[in-house]
file upload-v7.tsv (TSV, C-alpha atoms and all ligand atoms)
chain	number	residue	atom	x	y	z
A	20	MET	CA	-6.17	-16.74	-18.25
A	21	GLY	CA	-2.70	-18.07	-17.49
A	22	GLY	CA	-2.80	-19.65	-14.02
A	23	THR	CA	-2.16	-23.32	-13.41
A	24	LEU	CA	-5.71	-24.19	-12.37
A	25	SER	CA	-7.83	-25.99	-14.95
A	26	ASN	CA	-10.11	-22.92	-15.09
A	27	GLY	CA	-7.05	-20.77	-15.91
A	28	ARG	CA	-7.16	-18.82	-12.69
A	29	LEU	CA	-4.09	-18.00	-10.62
A	30	ALA	CA	-4.10	-20.17	-7.49
A	31	VAL	CA	-3.56	-18.04	-4.37
A	32	GLY	CA	-2.13	-19.12	-1.03
A	33	VAL	CA	-2.40	-16.55	1.77
A	34	ILE	CA	0.28	-16.35	4.46
A	35	GLY	CA	-0.76	-14.23	7.47
A	36	VAL	CA	-4.47	-14.23	8.27
A	37	GLY	CA	-4.72	-11.32	10.73
A	38	ASN	CA	-6.69	-8.10	10.71
A	39	ILE	CA	-6.32	-7.03	7.07
A	40	SER	CA	-6.82	-10.50	5.59
A	41	GLN	CA	-10.59	-10.16	6.06
A	42	GLN	CA	-10.71	-7.34	3.49
A	43	TYR	CA	-8.91	-9.56	0.97
A	44	PHE	CA	-11.20	-12.52	1.68
A	45	ALA	CA	-14.21	-10.26	1.12
A	46	GLU	CA	-12.90	-9.17	-2.28
A	47	LEU	CA	-11.30	-12.33	-3.72
A	48	PRO	CA	-14.57	-13.97	-4.82
A	49	ALA	CA	-15.29	-10.91	-7.00
A	50	LEU	CA	-11.97	-11.28	-8.84
A	51	PRO	CA	-12.54	-13.94	-11.49
A	52	ASN	CA	-8.87	-14.53	-12.39
A	53	LEU	CA	-7.91	-15.51	-8.81
A	54	GLU	CA	-8.84	-18.51	-6.71
A	55	LEU	CA	-8.03	-18.94	-3.04
A	56	ILE	CA	-6.59	-22.42	-2.40
A	57	ALA	CA	-5.11	-22.39	1.09
A	58	VAL	CA	-4.12	-20.23	4.06
A	59	ALA	CA	-1.28	-20.40	6.59
A	60	ASP	CA	-0.21	-18.46	9.66
A	61	LEU	CA	2.30	-18.86	12.48
A	62	ASP	CA	-0.84	-19.05	14.58
A	63	VAL	CA	-2.12	-22.41	13.33
A	64	GLU	CA	-5.42	-22.18	15.20
A	65	ARG	CA	-6.15	-18.84	13.60
A	66	ALA	CA	-5.27	-20.28	10.18
A	67	ALA	CA	-7.57	-23.26	10.79
A	68	ALA	CA	-10.47	-20.99	11.83
A	69	VAL	CA	-10.03	-18.75	8.77
A	70	ALA	CA	-9.73	-21.79	6.49
A	71	ARG	CA	-13.06	-23.09	7.81
A	72	GLU	CA	-14.71	-19.70	7.21
A	73	GLN	CA	-13.33	-19.52	3.67
A	74	GLY	CA	-13.92	-23.18	2.81
A	75	VAL	CA	-10.26	-23.78	1.90
A	76	GLU	CA	-7.35	-25.77	3.32
A	77	SER	CA	-5.26	-24.68	6.26
A	78	LEU	CA	-1.57	-25.57	5.83
A	79	THR	CA	1.63	-24.89	7.70
A	80	VAL	CA	3.72	-22.08	6.21
A	81	ASP	CA	6.25	-24.66	4.98
A	82	ALA	CA	3.55	-26.82	3.39
A	83	LEU	CA	1.90	-23.85	1.67
A	84	LEU	CA	5.24	-22.73	0.23
A	85	ALA	CA	5.96	-26.28	-0.99
A	86	ASP	CA	2.49	-26.81	-2.47
A	87	PRO	CA	2.84	-27.15	-6.26
A	88	ARG	CA	-0.80	-26.14	-6.79
A	89	ILE	CA	-0.14	-22.58	-5.60
A	90	ASP	CA	0.94	-19.97	-8.20
A	91	VAL	CA	1.13	-16.88	-6.02
A	92	VAL	CA	1.68	-16.19	-2.34
A	93	LEU	CA	-0.40	-13.35	-0.94
A	94	ASN	CA	1.83	-12.14	1.91
A	95	LEU	CA	-0.29	-10.49	4.61
A	96	THR	CA	2.17	-10.91	7.48
A	97	ILE	CA	3.52	-8.05	9.58
A	98	PRO	CA	6.20	-5.81	8.01
A	99	ALA	CA	9.11	-7.54	9.79
A	100	ALA	CA	8.20	-10.83	8.06
A	101	HIS	CA	7.59	-9.45	4.55
A	102	THR	CA	11.11	-10.07	3.18
A	103	GLU	CA	11.53	-13.58	4.55
A	104	ILE	CA	8.17	-14.77	3.24
A	105	ALA	CA	8.69	-13.07	-0.14
A	106	LEU	CA	12.12	-14.66	-0.64
A	107	ARG	CA	10.87	-18.08	0.40
A	108	ALA	CA	7.90	-17.80	-1.98
A	109	LEU	CA	10.17	-16.83	-4.89
A	110	ASP	CA	12.60	-19.63	-4.04
A	111	ALA	CA	9.66	-22.01	-4.21
A	112	GLY	CA	8.94	-20.75	-7.74
A	113	LYS	CA	5.88	-18.69	-6.82
A	114	HIS	CA	4.96	-15.11	-7.61
A	115	VAL	CA	4.43	-12.97	-4.53
A	116	TYR	CA	2.14	-10.03	-3.78
A	117	GLY	CA	2.44	-8.49	-0.34
A	118	GLU	CA	1.06	-5.91	1.98
A	119	LYS	CA	2.96	-2.68	2.46
A	120	PRO	CA	5.67	-1.75	3.17
A	121	LEU	CA	7.60	-3.91	0.70
A	122	ALA	CA	10.25	-4.52	3.40
A	123	LEU	CA	11.74	-2.79	6.43
A	124	THR	CA	14.64	-1.35	4.39
A	125	THR	CA	15.72	-1.07	0.77
A	126	ALA	CA	18.69	-3.33	1.66
A	127	ASP	CA	16.16	-6.03	2.60
A	128	ALA	CA	13.96	-5.35	-0.44
A	129	ALA	CA	16.67	-5.35	-3.12
A	130	PRO	CA	17.27	-9.14	-3.02
A	131	VAL	CA	13.51	-9.72	-3.34
A	132	LEU	CA	13.39	-7.82	-6.64
A	133	ALA	CA	16.66	-9.39	-7.81
A	134	ARG	CA	15.49	-12.93	-7.00
A	135	ALA	CA	12.21	-12.35	-8.87
A	136	ALA	CA	14.05	-11.02	-11.91
A	137	GLU	CA	16.43	-14.02	-11.94
A	138	ARG	CA	13.54	-16.44	-11.78
A	139	GLY	CA	11.15	-14.67	-14.12
A	140	LEU	CA	8.59	-14.22	-11.33
A	141	ARG	CA	6.51	-11.19	-10.33
A	142	VAL	CA	6.60	-9.14	-7.14
A	143	GLY	CA	3.57	-7.00	-6.41
A	144	SER	CA	2.82	-4.79	-3.44
A	145	ALA	CA	0.04	-2.88	-1.79
A	146	PRO	CA	-1.32	-0.29	-1.87
A	147	ASP	CA	-3.74	-1.12	-4.67
A	148	THR	CA	-6.22	1.47	-3.39
A	149	VAL	CA	-4.52	3.82	-5.90
A	150	LEU	CA	-6.01	1.72	-8.74
A	151	GLY	CA	-9.53	2.62	-7.61
A	152	THR	CA	-11.65	5.41	-9.04
A	153	GLY	CA	-10.59	8.03	-6.44
A	154	ILE	CA	-6.89	8.33	-7.23
A	155	GLN	CA	-7.30	7.35	-10.90
A	156	THR	CA	-9.91	10.07	-11.47
A	157	ALA	CA	-7.56	12.65	-9.92
A	158	ARG	CA	-4.79	11.35	-12.17
A	159	ALA	CA	-7.00	11.57	-15.26
A	160	LEU	CA	-7.74	15.24	-14.43
A	161	LEU	CA	-4.02	15.95	-14.18
A	162	ASP	CA	-3.08	13.99	-17.30
A	163	GLY	CA	-5.89	15.62	-19.27
A	164	GLY	CA	-4.48	19.06	-18.43
A	165	ARG	CA	-7.67	20.19	-16.67
A	166	MET	CA	-5.66	21.66	-13.80
A	167	GLY	CA	-2.99	23.27	-16.00
A	168	SER	CA	0.54	22.29	-15.00
A	169	PRO	CA	0.97	20.65	-11.60
A	170	VAL	CA	2.98	22.78	-9.18
A	171	ALA	CA	2.68	21.18	-5.76
A	172	ALA	CA	0.74	18.83	-3.50
A	173	ALA	CA	0.04	18.80	0.23
A	174	VAL	CA	-0.65	15.74	2.39
A	175	ALA	CA	-1.62	15.87	6.06
A	176	TRP	CA	-2.59	12.46	7.46
A	177	SER	CA	-2.90	12.13	11.22
A	178	ALA	CA	-4.48	10.02	13.93
A	179	PRO	CA	-3.97	9.60	17.68
A	180	GLY	CA	-2.46	6.12	17.13
A	181	HIS	CA	-3.55	2.69	15.88
A	182	GLU	CA	-3.38	1.26	19.43
A	183	LEU	CA	-6.88	2.71	19.90
A	184	TRP	CA	-8.44	0.17	17.50
A	185	HIS	CA	-5.99	-2.59	16.45
A	186	PRO	CA	-5.95	-5.65	18.75
A	187	ALA	CA	-2.22	-6.36	18.12
A	188	PRO	CA	-0.76	-2.90	17.43
A	189	ALA	CA	2.85	-3.40	18.65
A	190	PHE	CA	4.21	-3.63	15.08
A	191	TYR	CA	3.01	-0.11	14.33
A	192	TYR	CA	5.64	1.18	16.80
A	193	GLN	CA	8.51	-0.93	15.48
A	194	PRO	CA	10.66	-0.40	12.33
A	195	GLY	CA	8.37	-0.84	9.33
A	196	GLY	CA	5.61	0.94	11.25
A	197	GLY	CA	5.13	4.48	12.53
A	198	PRO	CA	2.89	6.86	10.61
A	199	LEU	CA	5.35	7.07	7.70
A	200	PHE	CA	5.91	3.38	6.91
A	201	ASP	CA	2.30	2.53	7.76
A	202	MET	CA	0.31	5.32	6.07
A	203	GLY	CA	3.03	6.84	3.87
A	204	PRO	CA	2.70	4.16	1.15
A	205	TYR	CA	-0.88	5.29	0.30
A	206	TYR	CA	0.13	8.93	-0.14
A	207	LEU	CA	3.58	8.42	-1.63
A	208	THR	CA	2.33	5.86	-4.16
A	209	SER	CA	-0.39	8.36	-5.15
A	210	LEU	CA	2.15	11.18	-5.46
A	211	VAL	CA	4.44	9.04	-7.68
A	212	THR	CA	1.36	8.02	-9.70
A	213	PHE	CA	0.51	11.71	-10.20
A	214	PHE	CA	3.93	13.31	-10.69
A	215	GLY	CA	6.51	10.55	-11.21
A	216	ALA	CA	9.62	9.63	-9.25
A	217	VAL	CA	11.04	11.63	-6.35
A	218	VAL	CA	14.65	12.79	-6.66
A	219	ARG	CA	15.35	14.55	-3.33
A	220	VAL	CA	13.80	14.81	0.12
A	221	SER	CA	14.23	16.95	3.20
A	222	ALA	CA	12.42	16.32	6.46
A	223	ALA	CA	12.07	16.75	10.20
A	224	VAL	CA	10.95	13.99	12.56
A	225	THR	CA	9.98	13.75	16.20
A	226	ARG	CA	8.16	11.61	18.74
A	227	SER	CA	6.36	12.56	21.94
A	228	THR	CA	6.76	10.78	25.26
A	229	ARG	CA	3.05	9.93	25.36
A	230	PRO	CA	2.75	6.32	26.57
A	231	ARG	CA	1.10	3.93	24.10
A	232	THR	CA	-1.20	1.28	25.52
A	233	VAL	CA	-3.24	-1.38	23.72
A	234	ALA	CA	-6.87	-0.22	24.02
A	235	THR	CA	-8.79	-3.21	22.72
A	236	GLY	CA	-8.81	-7.01	22.48
A	237	LEU	CA	-6.97	-9.71	24.42
A	238	HIS	CA	-3.95	-7.51	25.15
A	239	ALA	CA	-5.85	-4.40	26.30
A	240	GLY	CA	-3.84	-2.50	28.90
A	241	THR	CA	-0.43	-3.72	27.66
A	242	ASP	CA	2.20	-1.00	27.21
A	243	ILE	CA	3.73	-0.75	23.72
A	244	PRO	CA	7.44	0.03	23.29
A	245	VAL	CA	7.90	2.93	20.83
A	246	ASP	CA	10.84	2.53	18.46
A	247	VAL	CA	9.75	4.84	15.63
A	248	ASP	CA	9.25	8.54	14.92
A	249	THR	CA	5.58	9.32	15.47
A	250	HIS	CA	5.40	12.72	13.72
A	251	VAL	CA	7.10	13.15	10.36
A	252	THR	CA	7.07	16.13	8.04
A	253	ALA	CA	8.81	16.10	4.66
A	254	ILE	CA	9.33	17.97	1.40
A	255	LEU	CA	9.65	15.77	-1.69
A	256	GLU	CA	11.04	17.08	-4.98
A	257	HIS	CA	9.74	15.13	-7.97
A	258	ALA	CA	11.87	14.68	-11.08
A	259	GLY	CA	9.64	17.05	-13.06
A	260	GLY	CA	9.96	19.80	-10.42
A	261	VAL	CA	6.65	19.34	-8.57
A	262	LEU	CA	6.98	19.78	-4.78
A	263	SER	CA	5.00	17.60	-2.37
A	264	THR	CA	4.78	18.48	1.31
A	265	VAL	CA	3.86	15.47	3.42
A	266	THR	CA	3.04	15.33	7.12
A	267	VAL	CA	2.03	12.05	8.75
A	268	SER	CA	1.47	11.69	12.47
A	269	PHE	CA	0.31	9.42	15.29
A	270	GLU	CA	0.27	12.51	17.55
A	271	VAL	CA	-2.96	14.29	16.59
A	272	TRP	CA	-6.27	13.89	18.43
A	273	GLU	CA	-8.29	16.05	16.03
A	274	THR	CA	-7.59	18.24	13.01
A	275	ARG	CA	-9.30	20.28	10.32
A	276	VAL	CA	-6.37	20.33	7.92
A	277	PRO	CA	-7.27	18.97	4.44
A	278	LEU	CA	-6.03	15.42	3.91
A	279	PHE	CA	-4.69	15.65	0.37
A	280	GLU	CA	-4.69	18.44	-2.22
A	281	VAL	CA	-2.98	18.97	-5.57
A	282	TYR	CA	-2.29	22.48	-6.86
A	283	GLY	CA	-2.06	23.17	-10.59
A	284	THR	CA	-1.68	26.43	-12.50
A	285	GLU	CA	-5.41	26.29	-13.37
A	286	GLY	CA	-6.96	24.81	-10.25
A	287	THR	CA	-6.90	22.64	-7.14
A	288	ILE	CA	-7.87	18.99	-6.77
A	289	ALA	CA	-9.25	17.79	-3.43
A	290	VAL	CA	-7.86	14.25	-3.64
A	291	PRO	CA	-9.92	11.62	-1.81
A	292	ASP	CA	-8.47	9.37	0.90
A	293	PRO	CA	-5.91	7.13	-0.88
A	294	ASN	CA	-6.48	4.41	1.73
A	295	ARG	CA	-9.90	3.98	0.13
A	296	PHE	CA	-10.77	3.02	-3.43
A	297	SER	CA	-13.78	4.94	-4.63
A	298	ASP	CA	-14.35	8.25	-2.84
A	299	SER	CA	-15.25	11.20	-5.03
A	300	VAL	CA	-12.88	13.88	-6.29
A	301	ALA	CA	-13.64	17.61	-6.08
A	302	VAL	CA	-12.02	20.49	-7.94
A	303	ALA	CA	-12.00	24.28	-7.80
A	304	THR	CA	-10.57	26.08	-10.82
A	305	SER	CA	-9.28	29.51	-11.74
A	306	THR	CA	-12.57	30.20	-13.53
A	307	ASP	CA	-14.91	28.55	-10.99
A	308	ARG	CA	-13.57	28.82	-7.48
A	309	THR	CA	-16.36	26.75	-5.98
A	310	TRP	CA	-15.68	23.14	-4.97
A	311	ARG	CA	-17.48	20.77	-7.34
A	312	ASP	CA	-17.41	16.98	-7.45
A	313	VAL	CA	-16.22	15.63	-10.79
A	314	PRO	CA	-17.54	12.52	-12.57
A	315	VAL	CA	-15.45	9.37	-12.31
A	316	GLY	CA	-12.73	9.48	-14.98
A	317	GLY	CA	-10.63	6.37	-14.37
A	318	GLY	CA	-9.92	3.40	-12.14
A	319	TYR	CA	-11.25	-0.08	-11.48
A	320	PRO	CA	-14.88	0.36	-10.44
A	321	ASP	CA	-16.10	-0.92	-7.04
A	322	ALA	CA	-12.61	-2.20	-6.27
A	323	GLY	CA	-11.37	-3.59	-2.97
A	324	ARG	CA	-8.11	-4.95	-1.57
A	325	GLY	CA	-6.80	-7.64	-3.93
A	326	VAL	CA	-7.47	-5.74	-7.18
A	327	GLY	CA	-3.70	-5.10	-7.47
A	328	LEU	CA	-3.12	-8.85	-7.35
A	329	ALA	CA	-5.81	-9.40	-9.99
A	330	ASP	CA	-4.12	-6.71	-12.12
A	331	MET	CA	-0.83	-8.62	-11.65
A	332	ALA	CA	-2.49	-11.92	-12.63
A	333	ARG	CA	-3.82	-10.30	-15.78
A	334	ALA	CA	-0.42	-8.77	-16.54
A	335	ILE	CA	1.25	-12.20	-16.22
A	336	ASP	CA	-1.26	-13.46	-18.74
A	337	THR	CA	-0.80	-10.61	-21.20
A	338	ARG	CA	2.96	-10.26	-20.54
A	339	ARG	CA	2.78	-6.58	-19.68
A	340	PRO	CA	3.99	-4.79	-16.53
A	341	HIS	CA	1.62	-4.87	-13.57
A	342	ARG	CA	0.72	-1.60	-11.88
A	343	ALA	CA	1.14	-2.31	-8.17
A	344	SER	CA	4.71	-3.40	-8.83
A	345	GLY	CA	7.65	-4.27	-6.62
A	346	GLU	CA	9.68	-1.54	-8.36
A	347	LEU	CA	7.10	1.11	-7.46
A	348	ALA	CA	6.95	-0.15	-3.86
A	349	PHE	CA	10.77	-0.16	-3.74
A	350	HIS	CA	10.91	3.50	-4.79
A	351	VAL	CA	8.26	4.38	-2.20
A	352	LEU	CA	10.28	2.48	0.42
A	353	GLU	CA	13.39	4.44	-0.54
A	354	ILE	CA	11.43	7.71	-0.21
A	355	MET	CA	10.37	6.71	3.32
A	356	GLU	CA	13.85	5.57	4.31
A	357	SER	CA	15.32	8.81	2.93
A	358	VAL	CA	12.76	10.94	4.79
A	359	ILE	CA	13.73	9.36	8.10
A	360	GLN	CA	17.44	9.74	7.26
A	361	ALA	CA	16.96	13.38	6.22
A	362	GLY	CA	14.96	14.14	9.36
A	363	ARG	CA	17.40	12.53	11.76
A	364	ALA	CA	20.55	13.95	10.12
A	365	HIS	CA	19.06	17.37	9.20
A	366	GLU	CA	20.21	16.98	5.62
A	367	VAL	CA	18.82	16.79	2.09
A	368	VAL	CA	18.91	13.22	0.77
A	369	SER	CA	19.08	12.34	-2.95
A	370	LEU	CA	17.40	9.13	-4.00
A	371	ALA	CA	19.23	6.37	-5.86
A	372	SER	CA	16.17	4.61	-7.33
A	373	THR	CA	13.69	5.85	-9.86
A	374	VAL	CA	10.53	4.42	-11.37
A	375	ALA	CA	8.19	5.20	-14.24
A	376	ARG	CA	4.61	6.21	-13.44
A	377	PRO	CA	2.44	3.09	-13.60
A	378	GLU	CA	0.04	2.90	-16.55
A	379	PRO	CA	-3.27	4.64	-15.81
A	380	VAL	CA	-6.37	2.50	-15.30
A	381	PRO	CA	-8.90	3.63	-17.91
A	382	TRP	CA	-12.44	4.13	-16.67
A	383	GLY	CA	-14.50	0.98	-17.06
A	384	ALA	CA	-11.50	-1.36	-17.05
A	385	HIS	CA	-11.78	-4.64	-15.19
A	386	PRO	CA	-8.65	-6.51	-14.09
A	387	ASP	CA	-9.92	-9.66	-15.74
A	388	SER	CA	-10.79	-8.29	-19.13
A	389	TRP	CA	-8.16	-5.96	-20.46
B	401	LIG	N1	-4.91	-3.77	9.81
B	401	LIG	C1	-5.12	-2.91	8.83
B	401	LIG	O1	-6.11	-2.16	8.82
B	401	LIG	C2	-4.17	-2.85	7.67
B	401	LIG	C3	-4.54	-2.06	6.60
B	401	LIG	C4	-3.74	-2.04	5.48
B	401	LIG	C5	-2.57	-2.76	5.45
B	401	LIG	N2	-2.18	-3.50	6.53
B	401	LIG	C6	-0.90	-4.22	6.45
B	401	LIG	O2	-1.17	-5.61	6.48
B	401	LIG	C7	-0.11	-6.30	7.13
B	401	LIG	C8	-0.69	-7.13	8.24
B	401	LIG	O3	-1.38	-6.27	9.13
B	401	LIG	P1	-2.50	-6.83	10.10
B	401	LIG	O4	-3.13	-5.64	10.71
B	401	LIG	O5	-3.33	-7.82	9.38
B	401	LIG	O6	-1.57	-7.55	11.19
B	401	LIG	P2	-2.02	-8.69	12.21
B	401	LIG	O7	-0.98	-8.71	13.28
B	401	LIG	O8	-3.46	-8.53	12.57
B	401	LIG	O9	-1.90	-10.01	11.32
B	401	LIG	C9	-0.65	-10.49	10.85
B	401	LIG	C10	-0.71	-12.01	10.83
B	401	LIG	O10	0.51	-12.51	10.27
B	401	LIG	C11	0.95	-13.62	11.04
B	401	LIG	N3	2.40	-13.72	10.89
B	401	LIG	C12	3.35	-12.87	11.33
B	401	LIG	N4	4.57	-13.30	10.97
B	401	LIG	C13	4.39	-14.44	10.26
B	401	LIG	C14	5.27	-15.36	9.62
B	401	LIG	N5	6.60	-15.19	9.63
B	401	LIG	N6	4.73	-16.44	9.00
B	401	LIG	C15	3.38	-16.63	8.99
B	401	LIG	N7	2.50	-15.80	9.59
B	401	LIG	C16	2.99	-14.72	10.22
B	401	LIG	C17	0.51	-13.29	12.46
B	401	LIG	O11	0.43	-14.48	13.25
B	401	LIG	C18	-0.84	-12.63	12.23
B	401	LIG	O12	-1.90	-13.57	12.21
B	401	LIG	C19	0.88	-5.23	7.58
B	401	LIG	O13	1.92	-5.13	6.65
B	401	LIG	C20	0.05	-3.95	7.59
B	401	LIG	O14	0.83	-2.81	7.33
B	401	LIG	C21	-2.97	-3.58	7.63
call {"tool": "encode", "arguments": {"input": "upload-v7.tsv", "output": "structure tokens"}}
result
Amino acid sequence: MGGTLSNGRLAVGVIGVGNISQQYFAELPALPNLELIAVADLDVERAAAVAREQGVESLTVDALLADPRIDVVLNLTIPAAHTEIALRALDAGKHVYGEKPLALTTADAAPVLARAAERGLRVGSAPDTVLGTGIQTARALLDGGRMGSPVAAAVAWSAPGHELWHPAPAFYYQPGGGPLFDMGPYYLTSLVTFFGAVVRVSAAVTRSTRPRTVATGLHAGTDIPVDVDTHVTAILEHAGGVLSTVTVSFEVWETRVPLFEVYGTEGTIAVPDPNRFSDSVAVATSTDRTWRDVPVGGGYPDAGRGVGLADMARAIDTRRPHRASGELAFHVLEIMESVIQAGRAHEVVSLASTVARPEPVPWGAHPDSW
């Protein structure tokens, strides 16, 4: 293993220890090529409490970035802080892996990728859920030709709004949030994994006047300003001709619409929730039109959040591209930006960026061993 620690592991410093950080802390001990060294947060008391729980040091953000022991910054701050922290980490000579979205805009994200390239450092980005057995099994079915040729996919993710459960939900209603920038990365990264880059999008967007109020935690009862579209519906044209229809919404109390399906000339795949790692995949085919679960056919087994960073650590070691890459997240960010632009201007938007499909994760692979 190629990290700077004497055991060869990559030394990880986490910046931003809010809601999602707990899922990473639960998973990191199971990832043998990573070692948590220190945490930091604008909220120093929160950082100190988390550091005690995890048995590591609590540092200021400046001190963590300056710490020569740390190889990679795991950036779990809110979307508006992603670019600043990523650039500062790269300037300090550290790799960076961050939560989604990569940045608020492609204009913000481009210097992050450029700086990493100049310095020979890696940028990785969530979602890594797509490296789990759910999405990778669906991909293996497609790549193996079991569904014939892919024709189209349909996504319909909806919820009433994250203010019902998140204790600090204001960022979900600011640029970088909304149902598209928040949940879109799971679906769009899956769609690019399945069918390759998107070349054109059309869309319509709207938002209701329903007031949004924090429902839980210290700020319960606080009104939330809404500065994003809360219902987004889009058509994506992939380079190979596959069409994906994508609706994401914070406006729906209940629904029975399927979450995610892929349609091929020989059958349909019921794709499991791409915000989860290991749910099972079902198919119905032209010769057997009954839904049947399929055996796992790919993906890191029993994975959790952080597996994309472990994959990146391994890729640094073996000098190959990592899967949850900055380039993939950049393309997904451009899809989201283009969808909003298309919806607001009532026009078809062509994308400037492209990206290759990430390498599949063969069944049985472990991020530490291949
Ligand atoms: N909450 C979830 O279920 C969830 C799931 C998947 C992904 N995410 C993503 O994870 C990221 C964080 O979400 P969250 O729910 O944990 O948010 P959160 O508000 O609970 O936590 C964010 C933390 O980052 C800190 N922070 C903000 N700006 C900072 C800065 N400049 N420097 C240092 N610390 C800073 C905040 O003080 C806070 O402790 C977001 O990008 C979100 O999209 C969240």
call {"tool": "residues_around", "arguments": {"input": "upload-v7.tsv", "residues": "Val170 (chain A)", "least_positions_apart": "2", "cutoff": "12 Å", "atoms": "all atoms listed in the file", "output": "JSON list (two decimals) with C-alpha atoms, keeping the file's coordinate frame"}}
result
[["chain", "number", "residue", "atom", "x", "y", "z"],
["A", 161, "LEU", "CA", -4.02, 15.95, -14.18],
["A", 166, "MET", "CA", -5.66, 21.66, -13.80],
["A", 167, "GLY", "CA", -2.99, 23.27, -16.00],
["A", 168, "SER", "CA", 0.54, 22.29, -15.00],
["A", 172, "ALA", "CA", 0.74, 18.83, -3.50],
["A", 173, "ALA", "CA", 0.04, 18.80, 0.23],
["A", 213, "PHE", "CA", 0.51, 11.71, -10.20],
["A", 214, "PHE", "CA", 3.93, 13.31, -10.69],
["A", 256, "GLU", "CA", 11.04, 17.08, -4.98],
["A", 257, "HIS", "CA", 9.74, 15.13, -7.97],
["A", 259, "GLY", "CA", 9.64, 17.05, -13.06],
["A", 260, "GLY", "CA", 9.96, 19.80, -10.42],
["A", 261, "VAL", "CA", 6.65, 19.34, -8.57],
["A", 262, "LEU", "CA", 6.98, 19.78, -4.78],
["A", 263, "SER", "CA", 5.00, 17.60, -2.37],
["A", 264, "THR", "CA", 4.78, 18.48, 1.31],
["A", 280, "GLU", "CA", -4.69, 18.44, -2.22],
["A", 281, "VAL", "CA", -2.98, 18.97, -5.57],
["A", 282, "TYR", "CA", -2.29, 22.48, -6.86],
["A", 283, "GLY", "CA", -2.06, 23.17, -10.59],
["A", 284, "THR", "CA", -1.68, 26.43, -12.50],
["A", 285, "GLU", "CA", -5.41, 26.29, -13.37],
["A", 286, "GLY", "CA", -6.96, 24.81, -10.25],
["A", 287, "THR", "CA", -6.90, 22.64, -7.14],
["A", 288, "ILE", "CA", -7.87, 18.99, -6.77]]
call {"tool": "atom_distance", "arguments": {"input": "upload-v7.tsv", "atom1": "CA of Gly318 (chain A)", "atom2": "CA of Glu54 (chain A)"}}
result
22.6 Å
call {"tool": "atom_distance", "arguments": {"input": "upload-v7.tsv", "atom1": "CA of Thr304 (chain A)", "atom2": "CA of Val220 (chain A)"}}
result
29.0 Å
call {"tool": "residues_near_ligand", "arguments": {"input": "upload-v7.tsv", "ligand": "ligand LIG 401 (chain B)", "cutoff": "7 Å", "atoms": "all atoms listed in the file", "output": "VMD selection string"}}
result
chain A and resid 34 to 40 59 to 62 65 80 95 to 98 100 104 118 to 120 185 187 201
call {"tool": "residues_near_point", "arguments": {"input": "upload-v7.tsv", "point": "(-1.4, -3.5, -17.8)", "cutoff": "9 Å", "atoms": "all atoms listed in the file", "output": "VMD selection string"}}
result
chain A and resid 330 to 331 333 to 334 337 to 342 377 to 380 386 389
call {"tool": "write_last_selection", "arguments": {"input": "upload-v7.tsv", "atoms": "C-alpha atoms", "output": "compact mmCIF listing (two decimals), in the frame of the given file"}}
result
# COMPACT_ATOMS: atom_id res chain seq x y z
CA ASP A 330 -4.12 -6.71 -12.12
CA MET A 331 -0.83 -8.62 -11.65
CA ARG A 333 -3.82 -10.30 -15.78
CA ALA A 334 -0.42 -8.77 -16.54
CA THR A 337 -0.80 -10.61 -21.20
CA ARG A 338 2.96 -10.26 -20.54
CA ARG A 339 2.78 -6.58 -19.68
CA PRO A 340 3.99 -4.79 -16.53
CA HIS A 341 1.62 -4.87 -13.57
CA ARG A 342 0.72 -1.60 -11.88
CA PRO A 377 2.44 3.09 -13.60
CA GLU A 378 0.04 2.90 -16.55
CA PRO A 379 -3.27 4.64 -15.81
CA VAL A 380 -6.37 2.50 -15.30
CA PRO A 386 -8.65 -6.51 -14.09
CA TRP A 389 -8.16 -5.96 -20.46
call {"tool": "closest_residue", "arguments": {"input": "upload-v7.tsv", "among": "A:Ala223, A:Val358, A:Leu207, A:Leu109", "to": "Asn294 (chain A)", "atoms": "all atoms listed in the file"}}
result
A:Leu207
call {"tool": "closest_residue", "arguments": {"input": "upload-v7.tsv", "among": "A:Gly345, A:Thr79, A:Thr148, A:Ala234", "to": "Ala67 (chain A)", "atoms": "only C-alpha atoms"}}
result
A:Thr79
call {"tool": "atom_distance", "arguments": {"input": "upload-v7.tsv", "atom1": "CA of Arg88 (chain A)", "atom2": "CA of Ala133 (chain A)"}}
result
24.2 Å
call {"tool": "closest_residue", "arguments": {"input": "upload-v7.tsv", "among": "A:Gly139, A:Gly203, A:Gly197, A:Pro277", "to": "Gly180 (chain A)", "atoms": "all atoms listed in the file"}}
result
A:Gly197
call {"tool": "closest_atom_pairs", "arguments": {"input": "upload-v7.tsv", "of": "region 324-354 of chain A", "to": "region 48-52 of chain A", "cutoff": "9 Å", "atoms": "only C-alpha atoms", "output": "JSON lines"}}
result
{"residue": "A:Gly325", "atom": "CA", "partner": "A:Leu50", "partner_atom": "CA", "distance": 8.0}
{"residue": "A:Val326", "atom": "CA", "partner": "A:Leu50", "partner_atom": "CA", "distance": 7.3}
{"residue": "A:Ala329", "atom": "CA", "partner": "A:Asn52", "partner_atom": "CA", "distance": 6.4}
{"residue": "A:Ala332", "atom": "CA", "partner": "A:Asn52", "partner_atom": "CA", "distance": 6.9}
{"residue": "A:Arg333", "atom": "CA", "partner": "A:Asn52", "partner_atom": "CA", "distance": 7.4}
call {"tool": "write_last_selection", "arguments": {"input": "upload-v7.tsv", "atoms": "C-alpha atoms", "output": "mmCIF file, in the frame of the given file"}}
result
data_model
loop_
_atom_site.group_PDB
_atom_site.id
_atom_site.type_symbol
_atom_site.label_atom_id
_atom_site.label_comp_id
_atom_site.auth_asym_id
_atom_site.auth_seq_id
_atom_site.Cartn_x
_atom_site.Cartn_y
_atom_site.Cartn_z
ATOM 1 C CA GLY A 325 -6.800 -7.640 -3.930
ATOM 2 C CA VAL A 326 -7.470 -5.740 -7.180
ATOM 3 C CA ALA A 329 -5.810 -9.400 -9.990
ATOM 4 C CA ALA A 332 -2.490 -11.920 -12.630
ATOM 5 C CA ARG A 333 -3.820 -10.300 -15.780
#
